[in-house]
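This is data28.pdb. It holds PDB, C-alpha atoms, pLDDT in the B column.
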ATOM      1  CA  LYS A1334     212.479 205.662 190.821  1.00 74.00           C
ATOM      2  CA  PHE A1335     215.185 204.225 188.609  1.00 76.00           C
ATOM      3  CA  ASN A1336     218.651 205.595 187.983  1.00 86.00           C
ATOM      4  CA  MET A1337     220.071 206.131 184.487  1.00 92.00           C
ATOM      5  CA  GLN A1338     223.387 207.438 185.799  1.00 92.00           C
ATOM      6  CA  GLY A1339     226.655 205.537 186.185  1.00 92.00           C
ATOM      7  CA  ASP A1340     228.497 203.008 184.059  1.00 95.00           C
ATOM      8  CA  GLY A1341     227.214 199.891 182.352  1.00 96.00           C
ATOM      9  CA  PRO A1342     224.335 199.118 179.997  1.00 98.00           C
ATOM     10  CA  LYS A1343     221.059 200.803 180.897  1.00 97.00           C
ATOM     11  CA  ILE A1344     218.625 199.360 178.350  1.00 98.00           C
ATOM     12  CA  LEU A1345     217.955 195.750 177.388  1.00 98.00           C
ATOM     13  CA  ILE A1346     215.974 195.009 174.225  1.00 99.00           C
ATOM     14  CA  VAL A1347     214.404 191.547 174.030  1.00 98.00           C
ATOM     15  CA  HIS A1348     211.793 189.855 171.872  1.00 98.00           C
ATOM     16  CA  THR A1349     209.477 187.360 173.543  1.00 98.00           C
ATOM     17  CA  HIS A1350     207.973 186.711 170.104  1.00 98.00           C
ATOM     18  CA  ALA A1351     211.039 187.301 167.947  1.00 98.00           C
ATOM     19  CA  THR A1352     209.704 185.480 164.866  1.00 97.00           C
ATOM     20  CA  GLU A1353     206.814 187.919 164.408  1.00 97.00           C
ATOM     21  CA  SER A1354     207.139 189.506 160.961  1.00 96.00           C
ATOM     22  CA  TYR A1355     205.340 191.829 158.583  1.00 95.00           C
ATOM     23  CA  SER A1356     203.584 191.952 155.219  1.00 91.00           C
ATOM     24  CA  PRO A1357     205.667 192.170 152.025  1.00 89.00           C
ATOM     25  CA  GLU A1358     206.683 195.609 150.790  1.00 89.00           C
ATOM     26  CA  GLY A1359     204.150 197.009 148.355  1.00 79.00           C
ATOM     27  CA  ALA A1360     201.418 194.559 149.335  1.00 68.00           C
ATOM     28  CA  ASN A1361     197.908 195.788 148.580  1.00 62.00           C
ATOM     29  CA  THR A1362     196.058 192.994 150.349  1.00 60.00           C
ATOM     30  CA  TYR A1363     196.755 191.349 153.676  1.00 59.00           C
ATOM     31  CA  SER A1364     195.499 187.798 153.788  1.00 62.00           C
ATOM     32  CA  ALA A1365     195.229 185.801 156.995  1.00 61.00           C
ATOM     33  CA  ASP A1366     196.431 182.653 155.235  1.00 64.00           C
ATOM     34  CA  LYS A1367     199.895 184.130 154.636  1.00 68.00           C
ATOM     35  CA  SER A1368     202.506 183.454 157.303  1.00 74.00           C
ATOM     36  CA  ASP A1369     203.327 186.399 159.522  1.00 89.00           C
ATOM     37  CA  ARG A1370     206.311 184.733 161.165  1.00 94.00           C
ATOM     38  CA  SER A1371     209.870 184.365 159.970  1.00 95.00           C
ATOM     39  CA  LEU A1372     213.165 182.907 161.191  1.00 96.00           C
ATOM     40  CA  ASP A1373     215.062 185.411 159.031  1.00 96.00           C
ATOM     41  CA  PRO A1374     216.556 188.102 161.339  1.00 97.00           C
ATOM     42  CA  SER A1375     216.404 190.603 158.491  1.00 97.00           C
ATOM     43  CA  LYS A1376     212.620 190.203 158.287  1.00 95.00           C
ATOM     44  CA  ASN A1377     211.386 189.589 161.839  1.00 97.00           C
ATOM     45  CA  MET A1378     211.445 191.590 165.102  1.00 98.00           C
ATOM     46  CA  LEU A1379     215.219 191.337 165.330  1.00 98.00           C
ATOM     47  CA  ALA A1380     215.469 193.836 162.469  1.00 98.00           C
ATOM     48  CA  VAL A1381     213.289 196.284 164.404  1.00 98.00           C
ATOM     49  CA  GLY A1382     215.350 195.729 167.542  1.00 98.00           C
ATOM     50  CA  GLU A1383     218.571 196.454 165.678  1.00 98.00           C
ATOM     51  CA  ALA A1384     217.164 199.756 164.420  1.00 98.00           C
ATOM     52  CA  VAL A1385     216.133 200.773 167.937  1.00 98.00           C
ATOM     53  CA  LYS A1386     219.495 199.761 169.405  1.00 98.00           C
ATOM     54  CA  LYS A1387     221.291 201.927 166.840  1.00 98.00           C
ATOM     55  CA  VAL A1388     219.270 204.969 167.920  1.00 98.00           C
ATOM     56  CA  PHE A1389     220.136 204.410 171.580  1.00 98.00           C
ATOM     57  CA  ASP A1390     223.803 203.707 170.826  1.00 98.00           C
ATOM     58  CA  ASP A1391     224.059 206.843 168.700  1.00 98.00           C
ATOM     59  CA  ALA A1392     222.600 208.796 171.624  1.00 98.00           C
ATOM     60  CA  GLY A1393     225.293 207.447 173.937  1.00 97.00           C
ATOM     61  CA  ILE A1394     222.972 205.126 175.894  1.00 97.00           C
ATOM     62  CA  GLU A1395     224.633 201.735 176.299  1.00 97.00           C
ATOM     63  CA  THR A1396     222.132 199.136 175.127  1.00 98.00           C
ATOM     64  CA  ILE A1397     222.053 195.351 174.834  1.00 98.00           C
ATOM     65  CA  HIS A1398     219.982 193.694 172.115  1.00 98.00           C
ATOM     66  CA  ASP A1399     219.252 190.041 172.812  1.00 98.00           C
ATOM     67  CA  LYS A1400     218.513 188.077 169.637  1.00 98.00           C
ATOM     68  CA  THR A1401     217.189 184.863 171.161  1.00 98.00           C
ATOM     69  CA  LEU A1402     214.148 183.385 169.396  1.00 98.00           C
ATOM     70  CA  HIS A1403     212.143 182.766 172.553  1.00 98.00           C
ATOM     71  CA  ASP A1404     209.096 181.605 170.573  1.00 97.00           C
ATOM     72  CA  HIS A1405     210.930 179.019 168.460  1.00 97.00           C
ATOM     73  CA  PRO A1406     210.559 176.107 168.084  1.00 95.00           C
ATOM     74  CA  ASN A1407     207.637 176.282 170.533  1.00 92.00           C
ATOM     75  CA  PHE A1408     205.410 179.342 170.921  1.00 93.00           C
ATOM     76  CA  ASN A1409     204.052 178.162 174.279  1.00 94.00           C
ATOM     77  CA  GLY A1410     206.368 179.155 177.079  1.00 95.00           C
ATOM     78  CA  SER A1411     207.749 182.189 175.236  1.00 98.00           C
ATOM     79  CA  TYR A1412     207.367 184.485 178.247  1.00 98.00           C
ATOM     80  CA  ALA A1413     208.995 181.962 180.577  1.00 98.00           C
ATOM     81  CA  ASN A1414     211.884 181.738 178.114  1.00 98.00           C
ATOM     82  CA  SER A1415     212.325 185.497 177.826  1.00 98.00           C
ATOM     83  CA  LEU A1416     212.092 185.876 181.614  1.00 98.00           C
ATOM     84  CA  LYS A1417     215.125 183.618 181.983  1.00 98.00           C
ATOM     85  CA  THR A1418     216.970 185.769 179.463  1.00 98.00           C
ATOM     86  CA  VAL A1419     216.143 189.014 181.264  1.00 98.00           C
ATOM     87  CA  GLU A1420     217.166 187.571 184.630  1.00 98.00           C
ATOM     88  CA  LYS A1421     220.457 186.373 183.125  1.00 98.00           C
ATOM     89  CA  TYR A1422     221.310 189.849 181.838  1.00 98.00           C
ATOM     90  CA  LYS A1423     220.221 191.532 185.074  1.00 98.00           C
ATOM     91  CA  ALA A1424     222.514 189.256 187.066  1.00 98.00           C
ATOM     92  CA  LYS A1425     225.437 190.059 184.752  1.00 98.00           C
ATOM     93  CA  TYR A1426     224.630 193.764 184.368  1.00 98.00           C
ATOM     94  CA  PRO A1427     222.912 195.193 187.483  1.00 96.00           C
ATOM     95  CA  SER A1428     223.019 198.583 185.755  1.00 97.00           C
ATOM     96  CA  ILE A1429     220.086 197.619 183.485  1.00 98.00           C
ATOM     97  CA  GLN A1430     217.120 199.858 184.286  1.00 97.00           C
ATOM     98  CA  VAL A1431     214.854 199.489 181.258  1.00 98.00           C
ATOM     99  CA  VAL A1432     213.681 196.323 179.487  1.00 98.00           C
ATOM    100  CA  LEU A1433     211.890 196.899 176.189  1.00 98.00           C
ATOM    101  CA  ASP A1434     210.158 193.812 174.821  1.00 98.00           C
ATOM    102  CA  LEU A1435     209.525 194.660 171.149  1.00 98.00           C
ATOM    103  CA  HIS A1436     206.617 192.904 169.442  1.00 98.00           C
ATOM    104  CA  ARG A1437     204.286 193.575 166.564  1.00 97.00           C
ATOM    105  CA  ASP A1438     200.516 193.492 166.951  1.00 97.00           C
ATOM    106  CA  ALA A1439     198.016 191.482 164.908  1.00 93.00           C
ATOM    107  CA  PHE A1440     194.368 192.165 164.176  1.00 90.00           C
ATOM    108  CA  VAL A1441     192.352 190.277 161.562  1.00 87.00           C
ATOM    109  CA  TYR A1442     189.024 191.527 160.214  1.00 88.00           C
ATOM    110  CA  GLU A1443     186.023 189.239 159.687  1.00 89.00           C
ATOM    111  CA  ASN A1444     186.837 188.963 155.973  1.00 85.00           C
ATOM    112  CA  GLY A1445     190.285 187.568 156.819  1.00 80.00           C
ATOM    113  CA  SER A1446     192.307 190.662 155.942  1.00 82.00           C
ATOM    114  CA  LYS A1447     194.959 191.990 158.304  1.00 86.00           C
ATOM    115  CA  ALA A1448     194.678 195.407 159.916  1.00 89.00           C
ATOM    116  CA  LYS A1449     197.414 197.935 159.278  1.00 91.00           C
ATOM    117  CA  PHE A1450     198.107 200.554 161.969  1.00 96.00           C
ATOM    118  CA  VAL A1451     199.639 203.413 160.012  1.00 97.00           C
ATOM    119  CA  THR A1452     200.109 207.175 160.065  1.00 98.00           C
ATOM    120  CA  LYS A1453     202.062 209.658 157.955  1.00 97.00           C
ATOM    121  CA  THR A1454     205.370 211.210 159.052  1.00 97.00           C
ATOM    122  CA  ASP A1455     207.074 213.551 156.613  1.00 95.00           C
ATOM    123  CA  GLY A1456     204.741 212.200 153.947  1.00 96.00           C
ATOM    124  CA  GLU A1457     205.746 208.570 154.447  1.00 97.00           C
ATOM    125  CA  ASP A1458     203.649 205.684 155.747  1.00 97.00           C
ATOM    126  CA  THR A1459     204.778 204.911 159.282  1.00 98.00           C
ATOM    127  CA  ALA A1460     203.660 202.102 161.582  1.00 98.00           C
ATOM    128  CA  GLN A1461     201.933 203.227 164.760  1.00 98.00           C
ATOM    129  CA  LEU A1462     203.176 201.910 168.107  1.00 98.00           C
ATOM    130  CA  MET A1463     201.432 200.853 171.296  1.00 98.00           C
ATOM    131  CA  ILE A1464     202.938 200.543 174.777  1.00 98.00           C
ATOM    132  CA  VAL A1465     201.614 197.605 176.802  1.00 98.00           C
ATOM    133  CA  VAL A1466     201.966 197.607 180.599  1.00 98.00           C
ATOM    134  CA  GLY A1467     201.374 194.470 182.652  1.00 97.00           C
ATOM    135  CA  THR A1468     199.917 194.412 186.165  1.00 97.00           C
ATOM    136  CA  ASN A1469     199.226 191.968 188.986  1.00 97.00           C
ATOM    137  CA  GLY A1470     195.568 191.634 187.945  1.00 96.00           C
ATOM    138  CA  GLY A1471     196.112 188.089 186.750  1.00 95.00           C
ATOM    139  CA  GLY A1472     197.423 186.959 190.129  1.00 96.00           C
ATOM    140  CA  LEU A1473     201.173 186.980 189.457  1.00 96.00           C
ATOM    141  CA  ASP A1474     203.384 189.023 191.777  1.00 96.00           C
ATOM    142  CA  HIS A1475     204.000 192.513 190.391  1.00 97.00           C
ATOM    143  CA  PRO A1476     203.715 195.013 193.267  1.00 96.00           C
ATOM    144  CA  ASP A1477     205.426 197.928 191.498  1.00 96.00           C
ATOM    145  CA  TRP A1478     203.508 197.897 188.208  1.00 98.00           C
ATOM    146  CA  ARG A1479     202.412 201.509 188.767  1.00 97.00           C
ATOM    147  CA  GLU A1480     206.043 202.556 188.385  1.00 96.00           C
ATOM    148  CA  ASN A1481     206.111 200.885 184.974  1.00 97.00           C
ATOM    149  CA  MET A1482     202.882 202.684 184.113  1.00 98.00           C
ATOM    150  CA  LYS A1483     204.319 206.052 185.138  1.00 97.00           C
ATOM    151  CA  LEU A1484     207.244 205.616 182.786  1.00 97.00           C
ATOM    152  CA  ALA A1485     205.007 204.389 179.965  1.00 98.00           C
ATOM    153  CA  LEU A1486     202.834 207.503 180.251  1.00 98.00           C
ATOM    154  CA  LYS A1487     205.860 209.797 180.322  1.00 97.00           C
ATOM    155  CA  LEU A1488     207.302 208.155 177.213  1.00 98.00           C
ATOM    156  CA  GLN A1489     203.903 208.267 175.510  1.00 98.00           C
ATOM    157  CA  SER A1490     203.660 211.976 176.265  1.00 98.00           C
ATOM    158  CA  LYS A1491     207.208 212.673 175.072  1.00 98.00           C
ATOM    159  CA  ILE A1492     206.716 210.883 171.756  1.00 98.00           C
ATOM    160  CA  SER A1493     203.275 212.387 171.177  1.00 98.00           C
ATOM    161  CA  GLU A1494     204.565 215.924 171.635  1.00 98.00           C
ATOM    162  CA  LYS A1495     206.510 215.579 168.396  1.00 97.00           C
ATOM    163  CA  TYR A1496     204.428 212.931 166.612  1.00 98.00           C
ATOM    164  CA  PRO A1497     200.791 213.304 167.749  1.00 98.00           C
ATOM    165  CA  SER A1498     199.503 210.360 165.683  1.00 98.00           C
ATOM    166  CA  LEU A1499     202.411 207.922 166.080  1.00 98.00           C
ATOM    167  CA  MET A1500     201.243 206.307 169.320  1.00 98.00           C
ATOM    168  CA  ARG A1501     198.107 204.285 169.904  1.00 98.00           C
ATOM    169  CA  GLY A1502     196.663 204.334 173.425  1.00 97.00           C
ATOM    170  CA  VAL A1503     198.642 202.760 176.264  1.00 98.00           C
ATOM    171  CA  ASN A1504     197.272 199.264 176.881  1.00 98.00           C
ATOM    172  CA  LEU A1505     197.036 198.319 180.579  1.00 98.00           C
ATOM    173  CA  ARG A1506     196.630 194.556 180.974  1.00 97.00           C
ATOM    174  CA  GLN A1507     195.942 192.044 183.730  1.00 97.00           C
ATOM    175  CA  GLU A1508     198.783 189.802 182.586  1.00 97.00           C
ATOM    176  CA  ARG A1509     202.220 190.520 184.059  1.00 98.00           C
ATOM    177  CA  PHE A1510     204.232 190.081 180.829  1.00 97.00           C
ATOM    178  CA  ASN A1511     207.536 190.005 182.784  1.00 98.00           C
ATOM    179  CA  GLY A1512     207.010 193.646 183.722  1.00 97.00           C
ATOM    180  CA  HIS A1513     208.196 192.913 187.253  1.00 98.00           C
ATOM    181  CA  THR A1514     211.814 192.488 186.174  1.00 98.00           C
ATOM    182  CA  THR A1515     212.610 196.229 186.324  1.00 97.00           C
ATOM    183  CA  LEU A1516     210.698 199.428 187.079  1.00 96.00           C
ATOM    184  CA  GLY A1517     211.234 200.338 183.441  1.00 97.00           C
ATOM    185  CA  SER A1518     209.909 197.167 181.806  1.00 98.00           C
ATOM    186  CA  MET A1519     207.227 197.289 179.122  1.00 98.00           C
ATOM    187  CA  ILE A1520     206.103 195.831 175.825  1.00 98.00           C
ATOM    188  CA  ILE A1521     206.105 198.014 172.732  1.00 98.00           C
ATOM    189  CA  GLU A1522     203.970 196.756 169.860  1.00 98.00           C
ATOM    190  CA  VAL A1523     205.460 198.088 166.606  1.00 98.00           C
ATOM    191  CA  GLY A1524     202.770 198.147 163.960  1.00 98.00           C
ATOM    192  CA  SER A1525     200.824 195.023 163.083  1.00 96.00           C
ATOM    193  CA  SER A1526     201.061 192.096 160.704  1.00 93.00           C
ATOM    194  CA  GLY A1527     199.436 194.281 158.042  1.00 91.00           C
ATOM    195  CA  ASN A1528     202.299 196.763 158.119  1.00 94.00           C
ATOM    196  CA  THR A1529     205.516 196.390 156.166  1.00 95.00           C
ATOM    197  CA  LEU A1530     208.914 196.074 157.801  1.00 97.00           C
ATOM    198  CA  SER A1531     210.023 199.468 156.474  1.00 97.00           C
ATOM    199  CA  GLU A1532     206.957 201.109 158.048  1.00 97.00           C
ATOM    200  CA  ALA A1533     207.721 199.346 161.334  1.00 98.00           C
ATOM    201  CA  ILE A1534     211.371 200.405 161.364  1.00 98.00           C
ATOM    202  CA  ARG A1535     210.406 203.983 160.540  1.00 98.00           C
ATOM    203  CA  GLY A1536     207.929 204.146 163.420  1.00 98.00           C
ATOM    204  CA  ALA A1537     210.251 202.425 165.877  1.00 98.00           C
ATOM    205  CA  THR A1538     213.145 204.701 164.944  1.00 98.00           C
ATOM    206  CA  LEU A1539     211.152 207.906 165.431  1.00 98.00           C
ATOM    207  CA  ALA A1540     209.817 206.727 168.780  1.00 98.00           C
ATOM    208  CA  ALA A1541     213.262 205.560 169.907  1.00 98.00           C
ATOM    209  CA  GLN A1542     214.736 208.981 169.140  1.00 98.00           C
ATOM    210  CA  GLU A1543     212.251 210.608 171.510  1.00 98.00           C
ATOM    211  CA  ILE A1544     212.760 207.907 174.151  1.00 98.00           C
ATOM    212  CA  ALA A1545     216.515 208.416 173.931  1.00 98.00           C
ATOM    213  CA  GLU A1546     216.096 212.156 174.403  1.00 98.00           C
ATOM    214  CA  PHE A1547     213.947 211.527 177.471  1.00 97.00           C
ATOM    215  CA  PHE A1548     216.540 209.216 179.058  1.00 97.00           C
ATOM    216  CA  LYS A1549     219.476 211.458 178.186  1.00 96.00           C
ATOM    217  CA  GLN A1550     217.964 214.084 180.466  1.00 93.00           C
ATOM    218  CA  MET A1551     218.249 211.603 183.328  1.00 91.00           C
ATOM    219  CA  MET A1552     221.899 210.711 182.767  1.00 89.00           C
TER     220      MET A1552
END
As a first step, turn the structure in this file into structure tokens.
Amino acid sequence: KFNMQGDGPKILIVHTHATESYSPEGANTYSADKSDRSLDPSKNMLAVGEAVKKVFDDAGIETIHDKTLHDHPNFNGSYANSLKTVEKYKAKYPSIQVVLDLHRDAFVYENGSKAKFVTKTDGEDTAQLMIVVGTNGGGLDHPDWRENMKLALKLQSKISEKYPSLMRGVNLRQERFNGHTTLGSMIIEVGSSGNTLSEAIRGATLAAQEIAEFFKQMM
């Protein structure tokens, strides 16, 4: 139900948890006592967002990448902070149809090691991705969440056609996660804290190429 035609930016990339980062390149162990957050934009989610923006720009889809650290200095209130950012851009650019909130996941085993969600693409380790869709199950107003879910499933299908093991299952949640801001709003978890940044960028880039192809057909 959204329109990718016309002038103006169509996609907004934000990071509610921008300081989320990854394990060092070449790491063989993933310890829970090592920090998985960084203020360095070359190491945290901003680097992933830049890679995704480049794919969309190269495809001719005008995209905005917001680089606000919504989770710094305080983690609490991150979603309220990013909501203000999204609303600001929507007011300035009514053409925005899709809001991608890029995160990275985290899962720690009982022994304290960090999980690594990885597959192989062209022989290289590649971080797996997971789309998260919020609903009104938690009580916050989000009457059109099924529209977000429709898009998420279409994107999941498009990506999986070319890369069958790149995507984890779509995660439908009770929390709203600012999904009400557009009919094309969703979270995309890029790998986990056990992955490396290069694996995350590789996975995000491959997925973004398929997403861009999907949206180009609507323009």
Inset, instruction - Check what the PyMOL selection byres ((chain A and resi 1391) around 12) selects in the file above and give those residues as an NGL selection string. - result: :A and (1384-1390 or 1392-1396 or 1538 or 1541-1542 or 1545-1546 or 1549)
Legend entry - Test item: the PyMOL selection byres ((chain A and resi 1342) around 12) resolved as a list in words: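 Applied to this file, the PyMOL selection byres ((chain A and resi 1342) around 12) selects Asn1336, Met1337, Gln1338, Gly1339, Asp1340, Gly1341, Lys1343, Ile1344, Leu1345, Ile1346, Lys1386, Phe1389, Asp1390, Gly1393, Ile1394, Glu1395, Thr1396, Ile1397, His1398, Tyr1422, Lys1423, Lys1425, Tyr1426, Pro1427, Ser1428, Ile1429, Gln1430, Val1431 and Val1432 of chain A.
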Inset, instruction - Using the chain letters and numbering of this document, enumerate as an NGL selection string the residues selected by the PyMOL selection byres ((chain A and resi 1358) around 8). - result: :A and (1356-1357 or 1359-1360 or 1529-1531)
Please give the centre and size of the box around stretch 1383-1402 of chain A (axis-aligned, containing every atom listed in the file, 8 Å added per side), with values in Å to one decimal and written as JSON.
{"center_x": 219.7, "center_y": 196.1, "center_z": 170.4, "size_x": 27.1, "size_y": 41.4, "size_z": 27.9}
Legend entry - Proximity to A:Tyr1355 - best of A:Gly1527, A:Gly1472, A:Gly1536, A:Pro1374, only C-alpha atoms: A:Gly1527
Legend entry - Two-atom distance - atom CA of A:Asn1481, atom CA of A:Thr1514 (Å): 10.2 Å
Protein/DNA/RNA residues near (211.6, 184.2, 176.7), cut 12 Å, all atoms listed in the file, as a compact mmCIF listing (two decimals) with C-alpha atoms, in the frame of the given file:
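Saved the output as out-v6.txt:
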# COMPACT_ATOMS: atom_id res chain seq x y z
CA ILE A 1346 215.97 195.01 174.22
CA VAL A 1347 214.40 191.55 174.03
CA HIS A 1348 211.79 189.86 171.87
CA THR A 1349 209.48 187.36 173.54
CA HIS A 1350 207.97 186.71 170.10
CA ALA A 1351 211.04 187.30 167.95
CA ASP A 1399 219.25 190.04 172.81
CA LYS A 1400 218.51 188.08 169.64
CA THR A 1401 217.19 184.86 171.16
CA LEU A 1402 214.15 183.38 169.40
CA HIS A 1403 212.14 182.77 172.55
CA ASP A 1404 209.10 181.60 170.57
CA HIS A 1405 210.93 179.02 168.46
CA PRO A 1406 210.56 176.11 168.08
CA ASN A 1407 207.64 176.28 170.53
CA PHE A 1408 205.41 179.34 170.92
CA ASN A 1409 204.05 178.16 174.28
CA GLY A 1410 206.37 179.16 177.08
CA SER A 1411 207.75 182.19 175.24
CA TYR A 1412 207.37 184.48 178.25
CA ALA A 1413 209.00 181.96 180.58
CA ASN A 1414 211.88 181.74 178.11
CA SER A 1415 212.32 185.50 177.83
CA LEU A 1416 212.09 185.88 181.61
CA LYS A 1417 215.12 183.62 181.98
CA THR A 1418 216.97 185.77 179.46
CA VAL A 1419 216.14 189.01 181.26
CA GLU A 1420 217.17 187.57 184.63
CA LYS A 1421 220.46 186.37 183.12
CA ASP A 1434 210.16 193.81 174.82
CA PHE A 1510 204.23 190.08 180.83
CA ASN A 1511 207.54 190.00 182.78
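Candidate residues A:Ala1485, A:Val1381, A:Ile1544, A:Leu1433 were compared for distance to A:Ile1520, and the nearest is A:Leu1433, using all atoms listed in the file.
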Inset, instruction - Tell me, as a PyMOL selection string, which residues lie within 7 Å of stretch 1466-1469 of chain A, counting all atoms listed in the file; anything in the same chain fewer than 6 positions away does not count. - result: chain A and resi 1475-1476+1478+1481-1482+1504-1510+1512+1519-1520
Legend entry - Given only C-alpha atoms as the counted atoms, nearest of A:Leu1473, A:Val1465, A:Arg1479, A:Ala1460 to A:Leu1499: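 Smallest separation from A:Leu1499 among the options: A:Ala1460.
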Inset, instruction - Could you jot down the atom CA of A:Ser1371 to atom CA of A:Phe1450 separation for me, Å, one decimal place? - result: 20.1 Å
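In terms of minimum interatomic distance to A:Ser1490, A:Glu1543 ranks closest within A:Glu1543, A:Glu1522, A:Asp1458, A:Asp1474, counting only C-alpha atoms.
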Inset, instruction - Point out the residue among A:Asn1377, A:Lys1487, A:Thr1515, A:Ala1424 with the least atom-to-atom distance to A:Val1503, counting all atoms listed in the file. - result: A:Lys1487
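Residue neighbourhood of A:Ala1533, excluding near-sequence residues (fewer than 5 positions): Val1381, Thr1459, Ala1460, Gln1461, Val1523, Gly1524 and Asn1528 of chain A, at 8 Å, using all atoms listed in the file.
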Inset, instruction - Calculate how many Å separate atom CA of A:Tyr1442 from atom CA of A:Tyr1496, rounding to one decimal. - result: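 Calculated distance between atom CA of A:Tyr1442 and atom CA of A:Tyr1496 is 27.1 Å.
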Legend entry - Nearest candidate to A:Val1451 (options A:Lys1376, A:Lys1495, A:His1513, A:Arg1501; using only C-alpha atoms):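 So, comparing all the options, the nearest one is A:Arg1501.
With all atoms listed in the file taken into account, the protein and nucleic acid residues at most 7 Å from A:Arg1370 (excluding it and anything under 2 positions from it in its own chain) are Thr1352, Glu1353, Ser1354 and Ser1368 of chain A.
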With only C-alpha atoms as the counted atoms, please give the residues lying no more than 12 Å from A:Pro1497, apart from itself and same-chain residues fewer than 3 positions off, as an mmCIF file with C-alpha atoms, in the frame of the given file.
data_model
loop_
_atom_site.group_PDB
_atom_site.id
_atom_site.type_symbol
_atom_site.label_atom_id
_atom_site.label_comp_id
_atom_site.auth_asym_id
_atom_site.auth_seq_id
_atom_site.Cartn_x
_atom_site.Cartn_y
_atom_site.Cartn_z
ATOM 1 C CA THR A 1452 200.109 207.175 160.065
ATOM 2 C CA LYS A 1453 202.062 209.658 157.955
ATOM 3 C CA THR A 1454 205.370 211.210 159.052
ATOM 4 C CA GLN A 1461 201.933 203.227 164.760
ATOM 5 C CA LEU A 1462 203.176 201.910 168.107
ATOM 6 C CA GLN A 1489 203.903 208.267 175.510
ATOM 7 C CA SER A 1490 203.660 211.976 176.265
ATOM 8 C CA LYS A 1491 207.208 212.673 175.072
ATOM 9 C CA ILE A 1492 206.716 210.883 171.756
ATOM 10 C CA SER A 1493 203.275 212.387 171.177
ATOM 11 C CA GLU A 1494 204.565 215.924 171.635
ATOM 12 C CA MET A 1500 201.243 206.307 169.320
ATOM 13 C CA ARG A 1501 198.107 204.285 169.904
ATOM 14 C CA GLY A 1502 196.663 204.334 173.425
ATOM 15 C CA LEU A 1539 211.152 207.906 165.431
ATOM 16 C CA ALA A 1540 209.817 206.727 168.780
#
Output stretch 1499-1511 of chain A with N, CA and C atoms present, as an mmCIF file, keeping the file's coordinate frame.
data_model
loop_
_atom_site.group_PDB
_atom_site.id
_atom_site.type_symbol
_atom_site.label_atom_id
_atom_site.label_comp_id
_atom_site.auth_asym_id
_atom_site.auth_seq_id
_atom_site.Cartn_x
_atom_site.Cartn_y
_atom_site.Cartn_z
ATOM 1 N N LEU A 1499 201.557 209.110 166.158
ATOM 2 C CA LEU A 1499 202.411 207.922 166.080
ATOM 3 C C LEU A 1499 202.011 206.846 167.083
ATOM 4 N N MET A 1500 201.534 207.271 168.257
ATOM 5 C CA MET A 1500 201.243 206.307 169.320
ATOM 6 C C MET A 1500 199.758 205.992 169.416
ATOM 7 N N ARG A 1501 199.450 204.709 169.517
ATOM 8 C CA ARG A 1501 198.107 204.285 169.904
ATOM 9 C C ARG A 1501 198.005 204.421 171.432
ATOM 10 N N GLY A 1502 196.827 204.194 171.988
ATOM 11 C CA GLY A 1502 196.663 204.334 173.425
ATOM 12 C C GLY A 1502 197.466 203.315 174.209
ATOM 13 N N VAL A 1503 197.951 203.707 175.383
ATOM 14 C CA VAL A 1503 198.642 202.760 176.264
ATOM 15 C C VAL A 1503 197.664 201.662 176.671
ATOM 16 N N ASN A 1504 198.120 200.425 176.611
ATOM 17 C CA ASN A 1504 197.272 199.264 176.881
ATOM 18 C C ASN A 1504 197.661 198.673 178.239
ATOM 19 N N LEU A 1505 196.802 198.857 179.236
ATOM 20 C CA LEU A 1505 197.036 198.319 180.579
ATOM 21 C C LEU A 1505 196.358 196.960 180.679
ATOM 22 N N ARG A 1506 197.129 195.934 181.038
ATOM 23 C CA ARG A 1506 196.630 194.556 180.974
ATOM 24 C C ARG A 1506 196.700 193.864 182.332
ATOM 25 N N GLN A 1507 195.899 192.832 182.500
ATOM 26 C CA GLN A 1507 195.942 192.044 183.730
ATOM 27 C C GLN A 1507 197.174 191.152 183.780
ATOM 28 N N GLU A 1508 197.624 190.681 182.623
ATOM 29 C CA GLU A 1508 198.783 189.802 182.586
ATOM 30 C C GLU A 1508 200.049 190.568 182.992
ATOM 31 N N ARG A 1509 201.004 189.872 183.566
ATOM 32 C CA ARG A 1509 202.220 190.520 184.059
ATOM 33 C C ARG A 1509 203.221 190.809 182.942
ATOM 34 N N PHE A 1510 203.340 189.892 181.973
ATOM 35 C CA PHE A 1510 204.232 190.081 180.829
ATOM 36 C C PHE A 1510 205.682 190.389 181.224
ATOM 37 N N ASN A 1511 206.155 189.800 182.324
ATOM 38 C CA ASN A 1511 207.536 190.005 182.784
ATOM 39 C C ASN A 1511 207.837 191.454 183.147
#
